[in-house]
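A.B. asks: Handing you a structure now.
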Amino acid sequence: MSTEPGLHRTYLYASGTKPRAMARAIASEADAVILDLEDSVAPEDKVAARGAVADFVADRAGGATCDVHVRVNRWADGFDIDDVRAVVQPGVTALRLPKVQSVDEVRSLDALVVELEAAAGMASGTIGFYPTVETASGAMLLGPVLEATTRTRRAAFGASDFVADISASGNDDLATLHVRSHIVMVSRATGKGMPIDSVFGHIDDVAGLVASAKRAKSLGFFGKSVIHPSQVGPVNDVFTPDRAARNWARQIVASLGEAEVHRSGLLMVDDELLDPGLVQRARAIVRLVDRIEGARPE
């Protein structure tokens, strides 16, 4: 199975304690939905939420038009194995991994998911990983973490926890500028997809949300996590490829049929080498545009 990451403009969180919120999220125009077992769930509700998400996926996620992800919990010794065992099933396409701290925990999780996929009759590699940078140590280890398994699709960023971790104060954009650029560069260097920006917490501030999304896009992010259905439309608008980007992507993809393999191993068209990262991005844009255009009513 190809691990070439698709593009999602929006990743809408829905608490695992709220079945109606999960249903609304699935029915929204978000490209991906994250059923949450972590921050939005109180400690005393963790077990009930795990069962509710597992049941919801079994009953509803199979018919979803968006991708369905689950954010699992993590404890001091790694990710919550009971969460993972409950939600790795048909209908789920990825796990959002909070506060990633080591390569070993990602590799151990990968080995477990291999077994769970097989037990569920799923193709190996179906479940992708989205590790989230939320601490300084997590940022420093991002390169090895992204390369720990081919399951890893993209890095995500959690701004509020990161700002707290480094004890920053004042302007959040200034405090996180370095790490956001770092995430973009490491993602590029490791050949992973463009990273995902953090949530914008002020639901009623549409102008601020749009400015935040545009700022992230200008730094090299693609897509943004959101916390309310009302945020989906404005963020989708920011990350929907414009005509120039669509034409560029289609031209690149169309040229692949005429490409030759250069002695370097790279593809070459009209004496020009095609950078693998740009080819991957072009393919992802074409798939995204095809999905958007296919979803529009006639």
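Just remember, in the structure tokens the first chain shown is A, the second B, etc., residues are 1-based per chain, and ligands are 1-based in the order shown.
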What lies within 12 Å of A:Ser181 using only C-alpha atoms, ignoring chain neighbours under 3 positions off, as a list of chain:residue names?

C.D. replies: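 Counting only C-alpha atoms, the residues come to A:Ala139, A:Phe157, A:Asp173, A:Leu174, A:Ala175, A:Thr176, A:Leu177, A:His178, A:Val184, A:Met185, A:Val186, A:Ser187, A:Arg188, A:Met194, A:Pro195, A:Ile196, A:Asp197, A:Arg215, A:Ala216, A:Lys217, A:Ser218, A:Leu219, A:Gly220, A:Phe221.
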
A.B. asks: Do you know which residues are at most 12 Å from A:Lys18 counting only C-alpha atoms, after dropping those on the same chain fewer than 6 positions away, and could you put them as a short mmCIF file (atom, residue, chain, number, x, y, z; two decimals) with all heavy atoms, in the first residue's frame?

C.D. replies:
data_model
loop_
_atom_site.label_atom_id
_atom_site.label_comp_id
_atom_site.auth_asym_id
_atom_site.auth_seq_id
_atom_site.Cartn_x
_atom_site.Cartn_y
_atom_site.Cartn_z
N ARG A 24 -21.84 14.94 13.71
CA ARG A 24 -21.80 16.22 12.99
C ARG A 24 -20.47 16.40 12.28
O ARG A 24 -20.41 16.94 11.16
CB ARG A 24 -22.05 17.38 13.96
CG ARG A 24 -23.50 17.55 14.39
CD ARG A 24 -23.75 18.91 15.00
NE ARG A 24 -22.90 19.15 16.17
CZ ARG A 24 -23.25 18.85 17.41
NH1 ARG A 24 -24.43 18.29 17.64
NH2 ARG A 24 -22.43 19.11 18.41
N ALA A 25 -19.40 15.98 12.93
CA ALA A 25 -18.08 16.12 12.32
C ALA A 25 -17.98 15.28 11.05
O ALA A 25 -17.48 15.74 10.02
CB ALA A 25 -17.00 15.70 13.32
N LEU A 35 -11.45 11.83 15.92
CA LEU A 35 -12.24 11.43 17.08
C LEU A 35 -11.27 11.40 18.26
O LEU A 35 -10.28 10.66 18.25
CB LEU A 35 -12.88 10.07 16.84
CG LEU A 35 -13.69 9.96 15.54
CD1 LEU A 35 -14.28 8.56 15.40
CD2 LEU A 35 -14.78 11.02 15.46
N ASP A 36 -11.56 12.21 19.27
CA ASP A 36 -10.56 12.50 20.30
C ASP A 36 -10.79 11.72 21.59
O ASP A 36 -11.88 11.74 22.16
CB ASP A 36 -10.57 14.00 20.61
CG ASP A 36 -9.43 14.40 21.53
OD1 ASP A 36 -8.36 13.74 21.47
OD2 ASP A 36 -9.60 15.36 22.29
N LEU A 37 -9.71 11.06 22.04
CA LEU A 37 -9.73 10.37 23.32
C LEU A 37 -8.82 11.06 24.34
O LEU A 37 -8.74 10.62 25.48
CB LEU A 37 -9.25 8.92 23.15
CG LEU A 37 -10.12 8.03 22.27
CD1 LEU A 37 -9.47 6.67 22.08
CD2 LEU A 37 -11.52 7.88 22.87
N SER A 40 -9.86 16.40 25.16
CA SER A 40 -11.27 16.77 25.35
C SER A 40 -12.03 15.80 26.25
O SER A 40 -13.23 15.97 26.47
CB SER A 40 -11.97 16.83 23.99
OG SER A 40 -12.07 15.54 23.41
N VAL A 41 -11.32 14.80 26.77
CA VAL A 41 -11.98 13.76 27.58
C VAL A 41 -11.42 13.80 29.01
O VAL A 41 -10.20 13.69 29.20
CB VAL A 41 -11.78 12.36 26.97
CG1 VAL A 41 -12.44 11.30 27.83
CG2 VAL A 41 -12.32 12.32 25.55
N ASP A 45 -13.64 9.76 32.32
CA ASP A 45 -14.45 9.36 31.16
C ASP A 45 -13.65 8.64 30.09
O ASP A 45 -14.19 8.31 29.02
CB ASP A 45 -15.11 10.59 30.54
CG ASP A 45 -16.11 11.26 31.47
OD1 ASP A 45 -16.72 10.53 32.28
OD2 ASP A 45 -16.25 12.50 31.40
N ALA A 48 -15.00 5.05 29.00
CA ALA A 48 -16.28 5.15 28.30
C ALA A 48 -16.10 5.76 26.92
O ALA A 48 -16.72 5.32 25.94
CB ALA A 48 -17.26 5.99 29.13
N ALA A 49 -15.24 6.77 26.81
CA ALA A 49 -15.00 7.41 25.51
C ALA A 49 -14.36 6.43 24.54
O ALA A 49 -14.71 6.41 23.34
CB ALA A 49 -14.12 8.64 25.69
N ARG A 50 -13.46 5.63 25.02
CA ARG A 50 -12.80 4.62 24.16
C ARG A 50 -13.85 3.69 23.56
O ARG A 50 -13.84 3.42 22.35
CB ARG A 50 -11.80 3.83 24.97
CG ARG A 50 -11.08 2.74 24.20
CD ARG A 50 -10.32 1.83 25.16
NE ARG A 50 -9.39 2.58 25.96
CZ ARG A 50 -9.07 2.29 27.23
NH1 ARG A 50 -9.66 1.27 27.85
NH2 ARG A 50 -8.19 3.00 27.88
N GLY A 51 -14.75 3.21 24.37
CA GLY A 51 -15.80 2.33 23.87
C GLY A 51 -16.74 3.04 22.92
O GLY A 51 -17.16 2.46 21.91
N ALA A 52 -17.05 4.31 23.22
CA ALA A 52 -17.96 5.07 22.36
C ALA A 52 -17.35 5.31 20.99
O ALA A 52 -18.04 5.20 19.97
CB ALA A 52 -18.30 6.40 23.03
N VAL A 53 -16.06 5.62 20.95
CA VAL A 53 -15.40 5.84 19.66
C VAL A 53 -15.31 4.54 18.87
O VAL A 53 -15.57 4.52 17.66
CB VAL A 53 -13.99 6.44 19.87
CG1 VAL A 53 -13.17 6.38 18.58
CG2 VAL A 53 -14.11 7.88 20.35
N PHE A 56 -18.74 3.88 17.53
CA PHE A 56 -19.08 4.84 16.49
C PHE A 56 -18.40 4.49 15.18
O PHE A 56 -19.02 4.53 14.11
CB PHE A 56 -18.68 6.25 16.92
CG PHE A 56 -19.01 7.31 15.91
CD1 PHE A 56 -20.27 7.86 15.84
CD2 PHE A 56 -18.04 7.74 15.00
CE1 PHE A 56 -20.58 8.83 14.90
CE2 PHE A 56 -18.34 8.71 14.05
CZ PHE A 56 -19.61 9.25 14.00
#

A.B. asks: For A:Phe79, list every protein, DNA or RNA residue within 8 Å, evaluated using only C-alpha atoms, and leave out those in the same chain fewer than 3 positions away; present the list as a list in words.

C.D. replies: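 After dropping sequence-adjacent residues, the list is Val72, Asn73, Arg74, Trp75, Leu97, Glu105 and Leu109 of chain A.
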
A.B. asks: Which residue, A:Pro144, A:Pro241, A:Gly91, A:Pro43, has the smallest gap to A:Ile26 when you use only C-alpha atoms?

C.D. replies: A:Gly91

A.B. asks: One decimal, Å: what's the distance from atom CA of A:Asp31 over to atom CA of A:Ala156, could you say?

C.D. replies: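 Computing it gives 15.3 Å between the two atoms.
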
A.B. asks: Show me, as a ChimeraX atom specification, the residues that have an atom within 12 Å of A:Gly223 when counting only C-alpha atoms, minus same-chain residues fewer than 6 positions from it.

C.D. replies: /A:6-12,30-32,154-157,193-199,210,212-217,232,234-241,288

A.B. asks: When you look at A:Leu112 with a cut-off of 12 Å (counting only C-alpha atoms), what residues show up, excluding the ones that are within fewer than 2 positions of it in the same chain? I need them as a list of chain:residue names.

C.D. replies: A:Phe79, A:Asp80, A:Ile81, A:Asp82, A:Asp83, A:Val84, A:Arg85, A:Val88, A:Glu105, A:Val106, A:Arg107, A:Ser108, A:Leu109, A:Asp110, A:Val114, A:Glu115, A:Leu116, A:Glu117, A:Ala118, A:Ala119, A:Ser124, A:Gly125, A:Ile127

A.B. asks: Using only C-alpha atoms, which protein or nucleic acid residues come within 10 Å of A:Gln280? Drop anything in the same chain fewer than 2 positions from it, and give the result as an MDAnalysis selection string.

C.D. replies: chainID A and resid 4:6 191:193 249 252:253 275:278 282:285

A.B. asks: Enumerate as a PyMOL selection string all residues of stretch 5-230 of chain A assigned to helix (DSSP H, G or I) by DSSP on the backbone, naming them with the chain letters and numbers the document uses.

C.D. replies: chain A and resi 19-27+43-59+61-63+81-87+103-119+136-140+142-146+159-165+172-189+206-219+229-230

A.B. asks: Just checking: using only C-alpha atoms, which residue out of A:Val103, A:Val226, A:Val87, A:Met140 ends up closest to A:Ile203?

C.D. replies: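 For A:Ile203, the nearest of the given residues is A:Val226.
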
A.B. asks: Atom CA of A:Ser102 and atom CA of A:Asn171, how far apart in Å?

C.D. replies: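 Between atom CA of A:Asn171 and atom CA of A:Ser102 the gap is 29.0 Å.
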
A.B. asks: Could you find all residues in stretch 1-84 of chain A that DSSP calls strand (DSSP E) from the backbone, and write them as a PyMOL selection string?

C.D. replies: chain A and resi 10-15+32-36+67-71+74-75+78-79

A.B. asks: Name all residues at most 8 Å from A:Thr190 (count only C-alpha atoms; drop same-chain ones fewer than 6 positions away) and give them as a ChimeraX atom specification.

C.D. replies: /A:143,146-147

A.B. asks: Work out how far atom CA of A:Phe162 is from atom CA of A:Gly201, in Å to one decimal.

C.D. replies: 14.6 Å
